2 protein chains.
Amino acid sequence: MSNWSSKETKSQFQYIRLADTLEKRILKGEYKIGEKLPSLRKLHNQLGLSKTTIFYTYIELEKRGLVESRPRSGYFVKALISPRFSRLSSAGNALAPQKSANLNLSNSIVDALSNPELLHFGGITISPTLLPLNAFSRSLKSISSNHIDHIISTPGKPEGNLELRQQIAKRILEDDRIEADDIIITNRCMEALNLCLRAVAKRGDTIAVESPVFFESLSLIENLGMQALEIPTHPQTGIDLDNLEAVLSQRAVQACMVIPNFQNPLGALMPVSNKKRLVEMLGERRIPIIENDISGDLYFGETRPPTLKSFDTKGLVLYCSSFSKTLAPGLRGGWTVPGKFRESIIELKVNLSFYPSNLDQMLIAEFLESGSYDRHLKRLRNALKQQMENLNSAVVRHFPRETKINRPQGGMVLWIELKPTIDGLEIYQAALREKISIIPGCVFSHSQKFQNFIRLNYGDPWTEKLEQGISTLGTILAQFT
Amino acid sequence: MSNWSSKETKSQFQYIRLADTLEKRILKGEYKIGEKLPSLRKLHNQLGLSKTTIFYTYIELEKRGLVESRPRSGYFVKALISPRFSRLSSAGNALAPQKSANLNLSNSIVDALSNPELLHFGGITISPTLLPLNAFSRSLKSISSNHIDHIISTPGKPEGNLELRQQIAKRILEDDRIEADDIIITNRCMEALNLCLRAVAKRGDTIAVESPVFFESLSLIENLGMQALEIPTHPQTGIDLDNLEAVLSQRAVQACMVIPNFQNPLGALMPVSNKKRLVEMLGERRIPIIENDISGDLYFGETRPPTLKSFDTKGLVLYCSSFSKTLAPGLRGGWTVPGKFRESIIELKVNLSFYPSNLDQMLIAEFLESGSYDRHLKRLRNALKQQMENLNSAVVRHFPRETKINRPQGGMVLWIELKPTIDGLEIYQAALREKISIIPGCVFSHSQKFQNFIRLNYGDPWTEKLEQGISTLGTILAQFT
């Protein structure tokens, strides 16, 4: 039990550390839903911590929405969001490909996101206050003095700017087998995904994806004339590999597109063993994996979780990411490491005329070279973790008791399950009338499995206004109960 | 004949003005191929100009490749490039849609264009020395002080930056019915064309295009699963309207994509009457026209030629352009004025995630607002006209006598017809071995009609090295004769 205590001495944080440890065990399933947690006395005896510290630990876990106290009985693991596996436990039941009925809804949601009059829990960007704006301003001045000729007069190369590719290879991707020449710059992560899909599949092909998954990726697949096959996905550990394996044995799947780190909307983090198994399982079948790692740097744990790409020995993982979630939503700085599909992607970029902005690329390269990126990321992760806790505890305070929150392990969204009788779409519409944006769960799947879910963003530092917004949402939910 | 002389007094330029007037008449067909031009004495009597001035006029026209002198007979209109109409005079003969066999060739040509070791007659960009780099540097510094927060933190809107759309509406499009809200910003003109094609047609549809036409537009149509139907195009007056009309009466054409001003590769300029007739002809049939006007500002005449869009009363013309040919090849600054298809284009942009760079848009807007654009364009047009004359006369000097040059009326490319027995592709390959890039005519059509053509670019100020390059090309051609 020594890992429960810590050698650090600041006792006022001991309850936080203990709560973190208990949280991990709960999320890993070591304590099951409904199970009673050890009593104050028992932990006091085991760990040598004061009963007060342990009492605060349980208050903290209650605030995080992980446990509930029952009078005279103690603390119990609260019902977490359960994977939507019930009707999908065998491959035969995996959701058949179908056309999006949600497209118009998605478009109106995207429209709402750019409305400055709304309080935005619907977006998926970080607050400008968390961005390194001064550093960017300095970098841009340096560029206007030193590189303007090149930027203005050079049409650009399909693979993108060499300086940026070098910086990405050096600083961002810890996998030292990856070099600048393996990287291709794109306008955005979505463009990288678009190119990778085109490179590995054609119209009519089936692409396995997580369910739920962010709606733009479903639209992307459909716009390319391909079919998204939704695979049940665990809220904490990501895509269900047994289910995927069963599907692969029964039907032709051309590629698999996944978000192993801090899946959107779940916030799920695939365990390393699952990542290895996924890469092996698809590698054996020669099926390419398109890995979307856009939030991989936004971890709340100790270390950066590994990518699928780092386990790829066959060049079958097409890694995609971008700086838009971590550094600058307004700059165009996506990229892909497409393994053996590099030549196809270059050809596609030439044919589709997908050339990213020289200026954006140069600005990001200049910023990365200044060495401020790691420092910025650390600050950003701390802020996001704090904001997640703020939003989480506000939801615990204001939403109806039956609400279940999926604790994310990184990223910037909270996935929330409402009472089964509540339609998230109605909540979305009622919230819009109160000038609050959220995303209804129905857009994350073509199934009807997520009608009573919503996704909330915590990219902004917590304010009284946000607290008020969550309170208003709570009032709306109470009316629908 | 008073329009032949001028009220200006600088007599050393009288022969240039007279040559310009005669050139116009030749290009309009007022003097036919092989026809004898008026004798020195006759013009001397008619115009009151000295015989020396008239003699220099004819030398100038000879240098331009328009006339040839025959001993003791006088000056005759040289055989110009004839339209490839012979086998295509009726609609039944219009080239049937077919798949590009040239794709790999096109890609290797694009590769060659980015090779810094080559002497580039193959490209279609202007020299950095002709770009307003200092003004851009100033604009960028101003942005880094004043707008960096907005640029870095705002994801951008699908329709693009308002300031840029306002500047385009105000300064670039003289049609005062067009407002900022009618304009949608794109990464490049090619992206605008891509979006417009998707908005008006679907897979399997037929798109009427000029023949010859720049190869990227043929690839674009094919990549969208559509079919390019090539319509014979006159080297001076553009797409053949009788032919197009006959085609329209015989088969389903979903849209027409044309370059009315300084067609690429011909340099052809559609007369105003043809433009009006084209807009009416297609408007009556409710067929959308995608107008590519990327070189419209690069005119050698007195005034900016009108756009098809300016004659459009039904919202059926989808106008596309960009700043890449006139202002900054390295910036992403395309745009479209898609008439009644605006909503479709916005929806497509959202679905395809085509969001242009904030920074590039803001930089162009800032530059336009500084008021330097018109001044820059004037200087650029003068330079290009001079460079066209330089290249033209070098070709006249160094290429075999049978070579025919299509005098462009704007833009930055020269379309050259070689002896019928010469294969432009072999010349392309032989030139590459001498480290010179050109574009072989075969890539501008799926027909076999332009095998003995090449396209040369005159975007760079004339130098001894360029002269030497044309001389080398002349030597290569002589070997193939």
# chains A, B, ... in the order shown; residues from 1 in each chain; ligands from 1

call {"tool": "closest_atom_pairs", "arguments": {"of": "chain A", "to": "chain B", "cutoff": "6 Å", "atoms": "only C-alpha atoms", "output": "JSON lines"}}
result
{"residue": "A:Pro128", "atom": "CA", "partner": "B:Ser153", "partner_atom": "CA", "distance": 5.3}
{"residue": "A:Ser137", "atom": "CA", "partner": "B:Ser144", "partner_atom": "CA", "distance": 5.0}
{"residue": "A:Leu140", "atom": "CA", "partner": "B:Ser144", "partner_atom": "CA", "distance": 5.8}
{"residue": "A:Lys141", "atom": "CA", "partner": "B:Lys141", "partner_atom": "CA", "distance": 5.6}
{"residue": "A:Ser144", "atom": "CA", "partner": "B:Ser137", "partner_atom": "CA", "distance": 5.0}
{"residue": "A:Ile151", "atom": "CA", "partner": "B:Gly330", "partner_atom": "CA", "distance": 5.5}
{"residue": "A:Ile152", "atom": "CA", "partner": "B:Gly330", "partner_atom": "CA", "distance": 4.4}
{"residue": "A:Ser153", "atom": "CA", "partner": "B:Gly330", "partner_atom": "CA", "distance": 5.0}
{"residue": "A:Thr154", "atom": "CA", "partner": "B:Gly330", "partner_atom": "CA", "distance": 4.6}
{"residue": "A:Pro155", "atom": "CA", "partner": "B:Gly330", "partner_atom": "CA", "distance": 4.3}
{"residue": "A:Ala328", "atom": "CA", "partner": "B:Ile152", "partner_atom": "CA", "distance": 5.1}
{"residue": "A:Pro329", "atom": "CA", "partner": "B:Pro155", "partner_atom": "CA", "distance": 5.0}
{"residue": "A:Gly330", "atom": "CA", "partner": "B:Pro155", "partner_atom": "CA", "distance": 4.4}
{"residue": "A:Leu331", "atom": "CA", "partner": "B:Ile152", "partner_atom": "CA", "distance": 5.9}
{"residue": "A:Arg332", "atom": "CA", "partner": "B:Ser357", "partner_atom": "CA", "distance": 5.9}
{"residue": "A:Ser357", "atom": "CA", "partner": "B:Arg332", "partner_atom": "CA", "distance": 5.9}

call {"tool": "residues_around", "arguments": {"residues": "Leu377 in chain A", "least_positions_apart": "5", "cutoff": "9 Å", "atoms": "only C-alpha atoms", "output": "ChimeraX atom specification"}}
result
/A:297-298,326-327,372,382

call {"tool": "atom_distance", "arguments": {"atom1": "CA of Thr313 in chain A", "atom2": "CA of Lys276 in chain A"}}
result
11.1 Å

call {"tool": "residues_around", "arguments": {"residues": "range 25-28 of chain A", "least_positions_apart": "2", "cutoff": "9 Å", "atoms": "only C-alpha atoms", "output": "list in words"}}
result
Asp20, Thr21, Leu22, Glu23, Glu30, Tyr31, Lys32, Ile33, Leu66, Val77, Leu80, Gln236, Thr237 and Arg407 of chain A

call {"tool": "residues_around", "arguments": {"residues": "Asp293 in chain A", "least_positions_apart": "5", "cutoff": "9 Å", "atoms": "only C-alpha atoms", "output": "PyMOL selection string"}}
result
chain A and resi 258-263+307+319-322

call {"tool": "residues_around", "arguments": {"residues": "Trp415 in chain A", "least_positions_apart": "6", "cutoff": "8 Å", "atoms": "only C-alpha atoms", "output": "tab-separated table (two decimals) with N, CA and C atoms, in the first residue's frame"}}
result
chain	number	residue	atom	x	y	z
A	265	PRO	N	-15.99	12.11	-28.30
A	265	PRO	CA	-16.31	12.90	-27.11
A	265	PRO	C	-15.99	12.24	-25.76
A	266	LEU	N	-15.48	11.02	-25.74
A	266	LEU	CA	-15.43	10.29	-24.46
A	266	LEU	C	-14.32	10.76	-23.53
A	267	GLY	N	-13.19	11.19	-24.09
A	267	GLY	CA	-12.03	11.45	-23.25
A	267	GLY	C	-11.31	10.16	-22.88
A	405	ILE	N	-21.19	11.30	-15.09
A	405	ILE	CA	-20.13	12.02	-15.79
A	405	ILE	C	-19.01	11.05	-16.11
A	406	ASN	N	-18.52	11.08	-17.34
A	406	ASN	CA	-17.37	10.26	-17.69
A	406	ASN	C	-16.10	11.07	-17.43
A	407	ARG	N	-15.33	10.70	-16.39
A	407	ARG	CA	-14.12	11.45	-16.08
A	407	ARG	C	-13.13	11.30	-17.22
A	408	PRO	N	-12.80	12.41	-17.92
A	408	PRO	CA	-11.82	12.29	-19.00
A	408	PRO	C	-10.40	12.22	-18.42
A	453	PHE	N	-27.31	11.81	-24.10
A	453	PHE	CA	-25.98	12.29	-23.72
A	453	PHE	C	-25.79	13.73	-24.19
A	454	ILE	N	-24.89	14.43	-23.54
A	454	ILE	CA	-24.42	15.73	-24.07
A	454	ILE	C	-22.91	15.82	-23.86
A	455	ARG	N	-22.27	16.67	-24.66
A	455	ARG	CA	-20.84	16.91	-24.51
A	455	ARG	C	-20.62	18.37	-24.12
A	456	LEU	N	-19.82	18.59	-23.07
A	456	LEU	CA	-19.49	19.95	-22.63
A	456	LEU	C	-17.98	20.16	-22.74

call {"tool": "select_by_dssp", "arguments": {"residues": "range 182-362 of chain B", "states": "helix (DSSP H, G or I)", "output": "count of residues only"}}
result
67

call {"tool": "closest_residue", "arguments": {"among": "B:Ser447, B:Asn45, B:Ser471, B:Gln227", "to": "Ser393 in chain B", "atoms": "only C-alpha atoms"}}
result
B:Ser471

call {"tool": "atom_distance", "arguments": {"atom1": "CA of Ile231 in chain B", "atom2": "CA of Asn243 in chain B"}}
result
6.9 Å

call {"tool": "closest_residue", "arguments": {"among": "A:Thr472, A:Gln361, A:Ser310, A:Ser445", "to": "Asn161 in chain A", "atoms": "only C-alpha atoms"}}
result
A:Gln361
